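Structure record follows, encoded as structure tokens.
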Amino acid sequence: MPSKTGSPKMLTLSEVCEELEVSRSTFYDWRQKGRAPRCIKLPNGDLRVRRSVLDNWLDDHEDAA
């Protein structure tokens with residue numbers, strides 16, 4: 001469901017990996033190590049990431065160069 005800004009409120013794992021330019025295996029590795037953005041696990045086992053959570057996670061990992 002798109003938000004008022006036109007971007008979806010929740011992203012699929014494929015969308016997150018594409019945006020971060022990482023493979024699924026890298027994302028799962030980060031998740032196992034507690035380094036990935038917080039995910040929502042749906043009853044069917046699929047993962048979703050809230051757009052706001054991903055944006056905040058990216059801000060937190062921004063290099064202050």
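If you're wondering about the labels, chains in the structure tokens are A, B, ... by order shown, residues count from 1 in each chain, ligands from 1 in order shown.
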
Using DSSP on the backbone coordinates, identify all residues within chain A classified as strand (DSSP E); present the result as a VMD selection string. chain A and resid 10 to 12 40 to 41 47 to 50

Considering only C-alpha atoms, state which residue in the set A:Glu18, A:Thr12, A:Tyr28, A:Ala36 is at the smallest distance from Leu58 of chain A. A:Ala36

So which bits of chain A end up alpha helix (DSSP H) when you DSSP the backbone, as a list in words?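 Going through chain A, the alpha helix (DSSP H) residues come out as Leu13, Ser14, Glu15, Val16, Cys17, Glu18, Glu19, Leu20, Arg24, Ser25, Thr26, Phe27, Tyr28, Asp29, Trp30, Arg31, Gln32, Arg51, Ser52, Val53, Leu54, Asp55, Asn56, Trp57, Leu58, Asp59 and Asp60 of chain A.
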
Can you pull out every residue within 12 Å of Thr26 of chain A, counting only C-alpha atoms, but drop anything in the same chain fewer than 4 positions away, and send it as a list in words? Leu13, Val16, Cys17, Glu18, Leu20, Glu21, Val22, Trp30, Arg31, Gln32, Lys33, Arg35 and Ala36 of chain A

Tell me which of A:Leu42, A:Pro37, A:Phe27, A:Met10 sits closest to Leu54 of chain A, counting only C-alpha atoms. A:Pro37

Can you pull out the residues contacting Arg50 of chain A? Cut-off 8 Å, using only C-alpha atoms, and skip same-chain residues under 3 positions away; I want them as an MDAnalysis selection string. chainID A and resid 9:11 39:40 53:54
